[in-house]
>>> print(open('structure_30.txt').read())   # compact mmCIF, C-alpha atoms and all ligand atoms
# COMPACT_ATOMS: atom_id res chain seq x y z
CA MET A 5 86.47 88.37 126.84
CA ASP A 6 87.61 89.38 123.38
CA LEU A 7 86.51 87.05 120.64
CA PRO A 8 89.14 86.09 118.07
CA GLU A 9 89.15 88.45 115.07
CA ASN A 10 88.02 85.76 112.67
CA LYS A 11 84.92 84.98 114.73
CA LYS A 12 82.20 87.17 113.32
CA LEU A 13 79.08 87.26 115.43
CA MET A 14 76.36 85.09 113.91
CA LYS A 15 72.86 86.41 113.26
CA LEU A 16 70.29 85.22 115.77
CA LYS A 17 67.52 83.09 114.28
CA GLN A 18 63.94 83.04 115.59
CA LYS A 19 64.62 79.72 117.38
CA HIS A 20 67.48 81.41 119.28
CA ILE A 21 65.29 84.36 120.24
CA ASP A 22 62.60 81.95 121.49
CA ARG A 23 64.99 79.73 123.43
CA TYR A 24 67.03 82.48 125.06
CA SER A 25 64.32 85.16 125.43
CA ARG A 26 64.67 85.36 129.24
CA GLN A 27 68.36 86.12 128.89
CA ILE A 28 68.05 88.44 125.89
CA ILE A 29 65.58 90.57 127.85
CA LEU A 30 68.32 91.31 130.41
CA LYS A 31 69.97 94.66 129.67
CA LYS A 32 73.43 93.33 130.51
CA ILE A 33 73.02 90.49 127.97
CA GLY A 34 70.67 91.48 125.15
CA VAL A 35 71.02 90.23 121.57
CA ILE A 36 74.74 91.09 121.47
CA GLY A 37 75.44 89.18 124.70
CA GLN A 38 73.54 86.12 123.52
CA LYS A 39 75.49 86.21 120.25
CA LYS A 40 78.70 86.35 122.27
CA LEU A 41 77.66 83.27 124.23
CA LEU A 42 76.72 81.41 121.04
CA ASN A 43 80.08 82.34 119.50
CA SER A 44 82.12 81.28 122.52
CA SER A 45 83.79 77.93 123.12
CA VAL A 46 84.43 76.39 126.52
CA LEU A 47 86.38 73.27 127.46
CA ILE A 48 85.23 71.48 130.63
CA ILE A 49 87.75 69.18 132.29
CA GLY A 50 86.00 66.39 134.16
CA ALA A 51 82.42 65.17 133.75
CA GLY A 52 81.97 64.66 137.50
CA GLY A 53 80.34 66.42 140.42
CA LEU A 54 81.44 69.84 139.10
CA GLY A 55 81.41 69.08 135.38
CA SER A 56 77.77 67.96 135.57
CA PRO A 57 76.19 71.28 136.61
CA ILE A 58 78.79 73.30 134.70
CA SER A 59 78.01 71.55 131.42
CA LEU A 60 74.25 71.41 131.97
CA TYR A 61 74.06 75.16 132.55
CA LEU A 62 76.52 76.19 129.85
CA ALA A 63 74.63 74.07 127.30
CA ALA A 64 71.26 75.38 128.43
CA ILE A 65 72.24 79.04 128.29
CA GLY A 66 73.68 78.66 124.79
CA VAL A 67 77.48 78.52 124.90
CA GLY A 68 77.99 77.66 121.25
CA LYS A 69 80.77 75.07 121.51
CA ILE A 70 81.42 72.87 124.55
CA GLY A 71 84.10 70.20 124.93
CA ILE A 72 84.10 67.62 127.74
CA VAL A 73 87.19 65.65 128.75
CA ASP A 74 86.94 62.60 131.00
CA LYS A 75 88.61 59.20 130.82
CA ASP A 76 86.25 57.31 133.14
CA ASN A 77 83.10 55.28 132.77
CA VAL A 78 79.98 56.00 134.84
CA GLU A 79 79.90 54.10 138.15
CA ILE A 80 76.98 53.69 140.53
CA SER A 81 78.84 55.67 143.24
CA ASN A 82 78.96 58.69 140.88
CA LEU A 83 75.20 59.09 140.73
CA SER A 84 74.76 60.78 144.13
CA ARG A 85 76.41 63.94 142.79
CA GLN A 86 77.05 63.63 139.04
CA ILE A 87 73.57 64.69 138.07
CA ILE A 88 74.11 64.64 134.32
CA PHE A 89 74.03 60.81 134.43
CA SER A 90 71.16 58.40 134.95
CA THR A 91 71.15 54.87 136.33
CA ASN A 92 71.00 53.48 132.80
CA ASP A 93 74.30 55.27 132.00
CA ILE A 94 76.25 52.97 134.39
CA ASN A 95 79.33 51.52 132.63
CA LYS A 96 78.94 53.94 129.68
CA LYS A 97 81.78 56.28 128.75
CA LYS A 98 81.29 59.48 130.76
CA SER A 99 82.16 62.04 128.08
CA HIS A 100 79.88 60.31 125.54
CA ALA A 101 76.98 59.92 128.00
CA ALA A 102 77.35 63.57 129.04
CA VAL A 103 77.31 64.82 125.45
CA ASN A 104 74.24 62.68 124.67
CA LYS A 105 72.39 64.28 127.60
CA LEU A 106 73.45 67.80 126.61
CA LYS A 107 72.31 67.24 123.01
CA LYS A 108 68.81 66.57 124.33
CA ILE A 109 68.86 69.80 126.32
CA ASN A 110 70.19 71.93 123.48
CA PRO A 111 70.49 70.40 120.00
CA ASP A 112 71.68 73.68 118.43
CA ILE A 113 75.14 73.87 120.01
CA LYS A 114 78.32 72.02 119.08
CA LEU A 115 79.38 69.34 121.58
CA ILE A 116 82.67 67.45 121.49
CA SER A 117 83.59 64.55 123.78
CA PHE A 118 87.18 63.57 124.61
CA GLN A 119 87.11 60.16 126.30
CA LYS A 120 90.68 60.33 127.53
CA LYS A 121 92.87 61.43 130.41
CA LEU A 122 94.13 64.96 129.91
CA ASP A 123 97.95 64.93 130.01
CA LYS A 124 100.92 67.03 128.98
CA TYR A 125 101.02 65.27 125.60
CA ASN A 126 97.42 65.96 124.52
CA ILE A 127 96.46 69.19 126.33
CA ASN A 128 97.55 71.50 123.50
CA LYS A 129 95.73 69.55 120.81
CA ILE A 130 92.52 69.40 122.87
CA ALA A 131 92.44 72.80 124.60
CA ASN A 132 93.73 74.97 121.72
CA ARG A 133 90.30 74.52 120.11
CA PHE A 134 88.60 76.44 122.93
CA ASP A 135 88.60 80.07 124.15
CA LEU A 136 88.07 79.40 127.86
CA VAL A 137 88.79 76.45 130.17
CA VAL A 138 86.79 75.28 133.20
CA ASP A 139 88.47 72.93 135.64
CA GLY A 140 86.25 70.38 137.35
CA SER A 141 88.97 67.75 137.72
CA ASP A 142 89.54 65.71 140.86
CA ASN A 143 93.32 65.67 141.31
CA PHE A 144 96.21 68.12 141.68
CA ARG A 145 98.26 66.76 138.77
CA THR A 146 95.49 67.71 136.31
CA ARG A 147 94.78 71.01 138.10
CA PHE A 148 98.40 72.14 137.81
CA LEU A 149 98.60 70.96 134.20
CA ILE A 150 95.54 73.05 133.26
CA ASN A 151 96.80 76.05 135.27
CA ASP A 152 100.18 75.99 133.53
CA TYR A 153 98.60 75.56 130.07
CA CYS A 154 96.19 78.49 130.56
CA LEU A 155 98.98 80.69 131.96
CA LYS A 156 101.13 79.94 128.90
CA LYS A 157 98.27 80.55 126.44
CA LYS A 158 96.91 83.58 128.36
CA LYS A 159 93.47 81.97 128.55
CA ILE A 160 90.80 82.44 131.20
CA LEU A 161 90.56 79.54 133.66
CA VAL A 162 87.62 79.08 135.99
CA SER A 163 88.59 76.48 138.56
CA GLY A 164 86.60 74.78 141.32
CA ALA A 165 87.29 72.28 144.05
CA ILE A 166 85.03 70.37 146.44
CA SER A 167 85.59 68.17 149.46
CA LYS A 168 83.26 66.99 152.24
CA PHE A 169 81.05 70.07 152.87
CA ASP A 170 83.43 72.75 151.56
CA GLY A 171 84.28 74.23 148.20
CA HIS A 172 86.51 76.79 146.46
CA VAL A 173 86.09 78.77 143.26
CA TYR A 174 88.89 80.67 141.50
CA THR A 175 88.95 82.67 138.27
CA PHE A 176 92.32 83.33 136.67
CA ASN A 177 92.34 85.72 133.72
CA PHE A 178 95.81 85.22 132.32
CA SER A 179 95.32 87.89 129.67
CA LYS A 180 95.80 90.28 132.61
CA LYS A 181 99.34 90.42 133.91
CA GLU A 182 98.20 91.00 137.49
CA SER A 183 96.31 87.67 137.59
CA PRO A 184 97.64 85.21 140.17
CA CYS A 185 97.59 81.49 139.38
CA LEU A 186 96.69 78.30 141.22
CA ARG A 187 100.32 77.79 142.25
CA CYS A 188 100.26 81.16 144.07
CA PHE A 189 97.65 79.61 146.39
CA ILE A 190 98.95 76.04 146.41
CA PRO A 191 102.71 76.20 145.71
CA SER A 192 103.21 72.44 145.77
CA VAL A 193 101.75 69.16 146.91
CA SER A 194 103.54 65.93 147.73
CA GLN A 195 103.84 63.29 145.03
CA THR A 196 101.63 60.97 147.09
CA THR A 197 98.68 63.41 147.07
CA MET A 198 99.24 64.55 143.48
CA ASP A 199 96.88 61.93 142.00
CA LEU A 200 94.57 61.51 144.99
CA ASP A 201 90.84 61.90 144.40
CA ASN A 202 89.59 63.58 147.61
CA CYS A 203 85.95 62.66 146.98
CA GLU A 204 86.87 58.99 147.02
CA PHE A 205 88.80 59.13 150.31
CA GLU A 206 87.21 61.97 152.26
CA GLY A 207 83.65 61.83 150.98
CA ILE A 208 81.49 64.57 149.52
CA LEU A 209 77.93 65.78 149.94
CA GLY A 210 76.24 65.57 146.53
CA THR A 211 74.84 69.11 146.61
CA LEU A 212 78.32 70.67 146.92
CA GLY A 213 78.96 69.97 143.23
CA GLY A 214 75.75 71.80 142.39
CA ILE A 215 76.68 74.85 144.47
CA ILE A 216 80.28 75.19 143.30
CA GLY A 217 79.67 74.04 139.69
CA SER A 218 76.79 76.50 139.26
CA ILE A 219 79.01 79.34 140.51
CA GLN A 220 81.72 78.26 138.08
CA ALA A 221 79.21 78.32 135.19
CA ASN A 222 78.09 81.76 136.35
CA GLU A 223 81.70 83.01 136.38
CA VAL A 224 82.21 81.67 132.84
CA VAL A 225 79.21 83.68 131.62
CA LYS A 226 80.48 86.83 133.37
CA GLU A 227 83.91 86.47 131.79
CA ILE A 228 82.48 85.88 128.29
CA LEU A 229 80.09 88.84 128.58
CA GLU A 230 82.48 91.02 130.61
CA VAL A 231 79.75 91.91 133.09
CA GLY A 232 79.84 92.22 136.87
CA ASP A 233 82.89 91.92 139.09
CA SER A 234 85.40 89.31 137.99
CA LEU A 235 86.48 86.88 140.71
CA CYS A 236 90.04 87.12 139.33
CA GLY A 237 92.41 88.04 142.17
CA HIS A 238 90.20 86.41 144.81
CA ILE A 239 89.21 82.95 146.00
CA LEU A 240 85.64 82.22 146.99
CA ILE A 241 85.58 79.85 149.97
CA ILE A 242 82.26 78.23 150.76
CA ASP A 243 81.34 76.29 153.90
CA ALA A 244 78.00 74.66 153.14
CA LEU A 245 77.35 73.62 156.75
CA LYS A 246 77.83 77.08 158.25
CA LEU A 247 76.55 78.59 155.00
CA THR A 248 79.36 81.11 154.79
CA PHE A 249 80.72 82.56 151.54
CA ARG A 250 84.10 84.25 152.00
CA LYS A 251 85.81 86.13 149.16
CA VAL A 252 89.49 86.25 150.05
CA LYS A 253 92.12 88.31 148.19
CA LEU A 254 94.71 86.23 146.35
CA ASN A 255 97.88 88.02 145.31
CA LYS A 256 100.64 86.86 143.01
CA ARG A 257 103.34 85.11 144.98
CA LYS A 258 106.76 86.54 144.25
CA ASP A 259 108.45 83.16 143.94
CA CYS A 260 105.70 81.71 141.73
CA GLN A 261 106.23 80.85 138.06
CA CYS A 262 103.47 83.28 137.07
CA TYR A 263 105.33 86.16 138.74
CA GLU A 264 108.43 85.49 136.70
CA LYS A 265 106.61 84.97 133.43
CA ARG A 266 103.99 87.67 133.71
CA LYS A 267 105.52 90.54 135.70
ZN ZN B 1 101.26 81.93 140.43
>>> encode(input="structure_30.txt", output="structure tokens")
Amino acid sequence: MDLPENKKLMKLKQKHIDRYSRQIILKKIGVIGQKKLLNSSVLIIGAGGLGSPISLYLAAIGVGKIGIVDKDNVEISNLSRQIIFSTNDINKKKSHAAVNKLKKINPDIKLISFQKKLDKYNINKIANRFDLVVDGSDNFRTRFLINDYCLKKKKILVSGAISKFDGHVYTFNFSKKESPCLRCFIPSVSQTTMDLDNCEFEGILGTLGGIIGSIQANEVVKEILEVGDSLCGHILIIDALKLTFRKVKLNKRKDCQCYEKRK
């Protein structure tokens, strides 16, 4: 991922070298890679089952600026999978409680909480401050909103979804004109399911968030560092009961908005 021109790479201090030594030692990361991570900014939508592991890992590995958007307060039924929260966080604002936890893990990075519902009126103001967006939201209305925003702004979107014992991961790199979008895979959903939270109605095994969220965090790192094979152009479909990981090709759909705008 190209950093904006005005973002000069900072100099690593001794405390950075100490904290990130196990990453810096990796040839594919090194000092330059760690500087890239520290200079990057990632917005995480949803401090839930996915947002918990995503934010914990991105903070720990040293993504320099992390934003977390969530409108809800912590409920007792969240704690089986939303591992960033503790029992004494119940009734606290999720985005604030999450940021407080992340500050303890890594006090050197910038953390911003947005205790609000992401909508078409505020998405520009919130997301324009970040280079890359990670979707850990729990409803289609928000998923499509984020997809359309990232497509328009040519940003990288790493999206994940979980239900019952299954999960999906997608990476869309909209700086590349061949990138499909979420609507290529899911052209439309009915108005009645648009705002439905699947976890609430269908149930979810707590560990699924850990599996899918950790893969999302891993994809974010790969996109920032430009290492490995990008998932862009594929969907990763995981069945945790059968323990199968299927990487399925996802092409642009000819009647999709992204085909028109980006051909
Ligand atoms: Zn599309």
>>> closest_residue(input="structure_30.txt", among="A:Asp199, A:Glu206, A:Glu79, A:Glu182", to="ligand ZN 1 (chain B)", atoms="all atoms listed in the file")
A:Glu182
>>> residues_near_ligand(input="structure_30.txt", ligand="ligand ZN 1 (chain B)", cutoff="8 Å", atoms="all atoms listed in the file", output="mmCIF file with C-alpha atoms, keeping the file's coordinate frame")
data_model
loop_
_atom_site.group_PDB
_atom_site.id
_atom_site.type_symbol
_atom_site.label_atom_id
_atom_site.label_comp_id
_atom_site.auth_asym_id
_atom_site.auth_seq_id
_atom_site.Cartn_x
_atom_site.Cartn_y
_atom_site.Cartn_z
ATOM 1 C CA PRO A 184 97.640 85.210 140.170
ATOM 2 C CA CYS A 185 97.590 81.490 139.380
ATOM 3 C CA LEU A 186 96.690 78.300 141.220
ATOM 4 C CA ARG A 187 100.320 77.790 142.250
ATOM 5 C CA CYS A 188 100.260 81.160 144.070
ATOM 6 C CA PHE A 189 97.650 79.610 146.390
ATOM 7 C CA PRO A 191 102.710 76.200 145.710
ATOM 8 C CA LYS A 256 100.640 86.860 143.010
ATOM 9 C CA ARG A 257 103.340 85.110 144.980
ATOM 10 C CA CYS A 260 105.700 81.710 141.730
ATOM 11 C CA GLN A 261 106.230 80.850 138.060
ATOM 12 C CA CYS A 262 103.470 83.280 137.070
ATOM 13 C CA TYR A 263 105.330 86.160 138.740
#
>>> closest_atom_pairs(input="structure_30.txt", of="region 8-67 of chain A", to="region 103-124 of chain A", cutoff="7 Å", atoms="all atoms listed in the file", output="Markdown table")
| residue | atom | partner | partner_atom | distance |
| --- | --- | --- | --- | --- |
| A:Leu60 | CA | A:Leu106 | CA | 6.5 |
| A:Ala63 | CA | A:Asn110 | CA | 6.2 |
| A:Ala64 | CA | A:Asn110 | CA | 6.1 |
| A:Gly66 | CA | A:Ile113 | CA | 6.9 |
>>> residues_around(input="structure_30.txt", residues="region 37-43 of chain A", least_positions_apart="6", cutoff="7 Å", atoms="all atoms listed in the file", output="PyMOL selection string")
chain A and resi 13-14+16+28+66-68+228-229
>>> closest_atom_pairs(input="structure_30.txt", of="region 22-91 of chain A", to="region 162-177 of chain A", cutoff="12 Å", atoms="all atoms listed in the file", output="JSON lines")
{"residue": "A:Val46", "atom": "CA", "partner": "A:Val162", "partner_atom": "CA", "distance": 10.3}
{"residue": "A:Leu47", "atom": "CA", "partner": "A:Val162", "partner_atom": "CA", "distance": 10.4}
{"residue": "A:Ile48", "atom": "CA", "partner": "A:Val162", "partner_atom": "CA", "distance": 9.6}
{"residue": "A:Ile49", "atom": "CA", "partner": "A:Ser163", "partner_atom": "CA", "distance": 9.7}
{"residue": "A:Gly50", "atom": "CA", "partner": "A:Gly164", "partner_atom": "CA", "distance": 11.0}
{"residue": "A:Gly52", "atom": "CA", "partner": "A:Ile166", "partner_atom": "CA", "distance": 11.0}
{"residue": "A:Gly53", "atom": "CA", "partner": "A:Ile166", "partner_atom": "CA", "distance": 8.6}
{"residue": "A:Leu54", "atom": "CA", "partner": "A:Gly164", "partner_atom": "CA", "distance": 7.5}
{"residue": "A:Gly55", "atom": "CA", "partner": "A:Gly164", "partner_atom": "CA", "distance": 9.7}
{"residue": "A:Pro57", "atom": "CA", "partner": "A:Gly164", "partner_atom": "CA", "distance": 11.9}
{"residue": "A:Ile58", "atom": "CA", "partner": "A:Gly164", "partner_atom": "CA", "distance": 10.3}
{"residue": "A:Arg85", "atom": "CA", "partner": "A:Ile166", "partner_atom": "CA", "distance": 11.4}
>>> residues_around(input="structure_30.txt", residues="Lys98 (chain A)", least_positions_apart="3", cutoff="6 Å", atoms="all atoms listed in the file", output="PyMOL selection string")
chain A and resi 76-78+101-102
>>> closest_residue(input="structure_30.txt", among="A:Tyr153, A:Phe205, A:Tyr61, A:Phe89", to="Ile127 (chain A)", atoms="only C-alpha atoms")
A:Tyr153
>>> residues_around(input="structure_30.txt", residues="Gln27 (chain A)", least_positions_apart="5", cutoff="9 Å", atoms="all atoms listed in the file", output="ChimeraX atom specification")
/A:32-35,37-38,65
>>> atom_distance(input="structure_30.txt", atom1="CA of Gly213 (chain A)", atom2="CA of Lys75 (chain A)")
19.1 Å
>>> atom_distance(input="structure_30.txt", atom1="CA of Ala221 (chain A)", atom2="CA of Ile242 (chain A)")
15.9 Å
>>> residues_around(input="structure_30.txt", residues="Lys157 (chain A)", least_positions_apart="5", cutoff="9 Å", atoms="all atoms listed in the file", output="list in words")
Asn132, Asp152, Phe178 and Ser179 of chain A
>>> closest_residue(input="structure_30.txt", among="A:Ser81, A:Ser218, A:Gln195, A:Ser141", to="Ser59 (chain A)", atoms="all atoms listed in the file")
A:Ser218
>>> closest_residue(input="structure_30.txt", among="A:Leu149, A:Val138, A:Ile29, A:Leu83", to="Ser45 (chain A)", atoms="all atoms listed in the file")
A:Val138
>>> atom_distance(input="structure_30.txt", atom1="CA of Gly237 (chain A)", atom2="CA of Ser44 (chain A)")
23.2 Å
>>> closest_residue(input="structure_30.txt", among="A:Lys31, A:Lys156, A:Gln86, A:Tyr125", to="Val231 (chain A)", atoms="only C-alpha atoms")
A:Lys31
>>> closest_residue(input="structure_30.txt", among="A:Leu240, A:Ile70, A:Leu136, A:Met198", to="Leu155 (chain A)", atoms="all atoms listed in the file")
A:Leu136
